[in-house]
Amino acid sequence: MNILVIGSGGREHALAWKIAQSPFVDTVWSAPGSVAMDQIGPCFDVKPDDIDGMERLALQLEPDLIVIGPEAPLALGLADLLRARGFDVFGPSAEAAKLEASKGYSKDRMAKYGVPTARYGRFTGAGEAKAFLDTLDAPYVLKADGLAGGKGVVIAATREEADAEVAEMLSGKFGDASAELVIEEFMEGEEASVFVITDGTNILTLPAAQDHKRIGDGDTGPNTGGMGAYAPAPVMTPELMAEVEERVTRPMLDGMAEDGAPYRGVLYIGLMITPEGPKVVEFNCRFGDPECQVLMMQMSADIVPALLAASTGGMSQSEFSRLLPVETPRPCVTVVMASPGYPAKAETGSVIRNVKAASEHEGVMIFHAGTGVNADGELIATGGRVLNVTAVGDTLKDAVERAYGAVDAIDWPEGVCRRDIAWRAL
């Protein structure tokens, strides 16, 4: 079979790499892909949010399965359009993708279905927002309602900072994404991410992961799209995983189906493990980035049957469960190398050398998140997050040492990274 992967980042590189290993797959196409994904299969220069262009490309290629990586085309209804054209698509409908595209919509669904989460309010005016802040204690959590590239969440330490952030967000700090604001009660605890592949009824739960959102060591500085991740996350015990399935996954999927918006694809559950138990921080409608890189690297089973079954439905839970056999995953870690200035304004164009040699280290795979080639044929940084240096090991310590060994082997003086990925577990 031939599969089309939509997207161009590290997440999509990892998906294409994993999919290409399947004995059922002949060709992996990517759109728009990257210089690294082009080594896996042909790439086509169509942007993910070019819905009409993607429709034309799908009709031209006639893939057996389409895997949509990023959230923006899902929110724009690409999965709906392609399904209407008769294609099998891994990814939720536009209505279901609102779980990520609108923080307010997501919180309202959680409230309706009884899913544990923080107390919240939705606001379009500064006066109402500040009145709600009066009911909370510091610190304060403020979120742009819409898609903001993983950067639309601010934790304000003081009321003065919160008031200033309300004004900035509602004045267009994140464009249309912050025209509405969600304010939440701050939750104490440790974060974790759980990913569930589903056809809308049946579920396959992958090992829990933990990412590192802040730019600096010790979880300092502004939020980013993610500076690294590791799995499995020790905080998510088997008992907690069972509780998440019972109190979060099942109520959400059943509720969405009953409300006419069945969820198909991968549901990303961002959790806070509080003294009262796991509570949902957010839902996303796609694999996490960089968590996907870790999950694909540590998975020994063929993922393609699960992706296809989630796209088509019709199986029993017992049949669905057998698609990805339960295994004890090897510890895996990924370290994000970023351009200087990220996440504010990344300075791109610097030359990166020795990536091939670094990727030949034992247990290492390097996924490209934002690279290109200059006129001299040299690899260069073209984005904020640039490389995902990923490694497996017999222990988490082994995996971390391998990943940082490869990081140090890469010749990129301008590149920046955190030096404490997986510090909580270690």
# chains A, B, ... in the order shown; residues from 1 in each chain; ligands from 1
$ closest_atom_pairs --of "segment 221-301 of chain A" --to "segment 395-408 of chain A" --cutoff "9 Å" --atoms "only C-alpha atoms" --output "JSON lines"
{"residue": "A:Tyr230", "atom": "CA", "partner": "A:Leu396", "partner_atom": "CA", "distance": 8.3}
{"residue": "A:Ala231", "atom": "CA", "partner": "A:Leu396", "partner_atom": "CA", "distance": 8.5}
{"residue": "A:Pro232", "atom": "CA", "partner": "A:Leu396", "partner_atom": "CA", "distance": 9.0}
$ residues_around --residues "segment 5-22 of chain A" --least-positions-apart "4" --cutoff "7 Å" --atoms "only C-alpha atoms" --output "number ranges by chain"
A: 28-34, 37, 40, 48, 66-70, 289-290, 292-293, 296, 302-304, 367-370, 388
$ write_last_selection --atoms "C-alpha atoms" --output "CSV table (one decimal), in the first residue's frame"
chain,number,residue,atom,x,y,z
A,28,VAL,CA,5.6,6.8,1.7
A,29,TRP,CA,4.8,10.2,0.1
A,30,SER,CA,5.0,13.4,2.1
A,31,ALA,CA,3.6,16.9,1.6
A,32,PRO,CA,5.3,19.2,1.8
A,33,GLY,CA,7.9,16.9,3.6
A,34,SER,CA,11.5,18.0,4.2
A,37,MET,CA,11.7,13.0,4.5
A,40,ILE,CA,12.2,8.1,2.7
A,48,PRO,CA,-0.5,21.5,5.0
A,66,ILE,CA,-3.6,9.6,4.5
A,67,VAL,CA,-2.0,10.5,7.8
A,68,ILE,CA,-2.4,14.1,8.8
A,69,GLY,CA,0.3,15.3,11.2
A,70,PRO,CA,-0.3,18.9,12.2
A,289,ASP,CA,5.9,17.0,19.0
A,290,PRO,CA,8.5,16.0,20.3
A,292,CYS,CA,5.9,11.4,18.8
A,293,GLN,CA,9.5,11.0,18.0
A,296,MET,CA,7.9,6.0,17.2
A,302,ASP,CA,4.2,-2.2,13.1
A,303,ILE,CA,2.0,0.9,13.5
A,304,VAL,CA,0.4,0.9,10.1
A,367,PHE,CA,14.6,13.6,13.2
A,368,HIS,CA,14.6,16.8,11.2
A,369,ALA,CA,12.1,19.5,12.4
A,370,GLY,CA,13.3,22.5,10.6
A,388,ASN,CA,15.3,16.1,17.4
$ select_by_dssp --residues "segment 257-312 of chain A" --states "strand (DSSP E)" --output "list in words"
Gly265, Val266, Leu267, Tyr268, Ile269, Gly270, Leu271, Met272, Ile273, Thr274, Gly277, Pro278, Lys279, Val280, Val281, Glu282, Phe283 and Asn284 of chain A
$ atom_distance --atom1 "atom CA of Leu57 of chain A" --atom2 "atom CA of Val25 of chain A"
19.0 Å
$ closest_atom_pairs --of "segment 277-344 of chain A" --to "segment 261-266 of chain A" --cutoff "10 Å" --atoms "only C-alpha atoms" --output "tab-separated table"
residue	atom	partner	partner_atom	distance
A:Asn284	CA	A:Val266	CA	8.6
A:Cys285	CA	A:Val266	CA	6.4
A:Arg286	CA	A:Val266	CA	5.6
A:Phe287	CA	A:Val266	CA	6.5
A:Gly288	CA	A:Val266	CA	9.7
A:Ala306	CA	A:Gly265	CA	9.8
A:Leu307	CA	A:Gly265	CA	7.6
A:Leu308	CA	A:Gly265	CA	9.6
A:Ala309	CA	A:Gly265	CA	9.7
A:Ala310	CA	A:Gly265	CA	6.1
A:Ser311	CA	A:Arg264	CA	6.6
A:Thr312	CA	A:Arg264	CA	9.0
A:Gly313	CA	A:Arg264	CA	8.7
$ select_by_dssp --residues "segment 260-298 of chain A" --states "helix (DSSP H, G or I)" --output "compact mmCIF listing (two decimals) with C-alpha atoms, in the first residue's frame"
# COMPACT_ATOMS: atom_id res chain seq x y z
CA GLU A 291 6.66 13.11 22.09
CA CYS A 292 5.86 11.42 18.77
CA GLN A 293 9.54 11.02 18.02
CA VAL A 294 10.07 9.13 21.26
CA LEU A 295 6.99 6.92 20.82
CA MET A 296 7.86 5.97 17.23
CA MET A 297 11.49 5.25 18.14
CA GLN A 298 10.68 2.92 21.05
$ closest_residue --among "A:Gly277, A:Gly225, A:Gly41, A:Gly200" --to "Gly149 of chain A" --atoms "only C-alpha atoms"
A:Gly225
$ residues_around --residues "Lys213 of chain A" --least-positions-apart "6" --cutoff "6 Å" --atoms "only C-alpha atoms" --output "list in words"
Asn223, Thr224, Gly226 and Met227 of chain A
$ atom_distance --atom1 "atom CA of Thr382 of chain A" --atom2 "atom CA of Lys356 of chain A"
17.9 Å
$ residues_around --residues "Ser350 of chain A" --least-positions-apart "6" --cutoff "9 Å" --atoms "only C-alpha atoms" --output "list in words"
Ser339, Leu379, Ile380, Ala381, Thr382, Trp412, Pro413, Glu414 and Gly415 of chain A
$ write_last_selection --atoms "N, CA and C atoms" --output "compact mmCIF listing (two decimals), in the first residue's frame"
# COMPACT_ATOMS: atom_id res chain seq x y z
N SER A 339 17.26 26.84 17.02
CA SER A 339 18.00 28.02 16.57
C SER A 339 18.07 29.06 17.69
N LEU A 379 23.61 21.56 4.89
CA LEU A 379 22.41 21.52 5.73
C LEU A 379 22.36 22.79 6.58
N ILE A 380 21.20 23.44 6.60
CA ILE A 380 21.05 24.68 7.37
C ILE A 380 19.78 24.63 8.21
N ALA A 381 19.73 25.50 9.22
CA ALA A 381 18.55 25.64 10.07
C ALA A 381 17.55 26.57 9.38
N THR A 382 16.31 26.11 9.27
CA THR A 382 15.28 26.92 8.62
C THR A 382 14.12 27.25 9.55
N TRP A 412 27.38 22.34 15.28
CA TRP A 412 26.45 23.47 15.06
C TRP A 412 26.63 24.46 16.21
N PRO A 413 27.63 25.33 16.10
CA PRO A 413 27.93 26.26 17.21
C PRO A 413 26.74 27.12 17.62
N GLU A 414 25.87 27.44 16.67
CA GLU A 414 24.73 28.32 16.99
C GLU A 414 23.59 27.57 17.68
N GLY A 415 23.55 26.26 17.58
CA GLY A 415 22.43 25.49 18.11
C GLY A 415 22.35 25.54 19.63
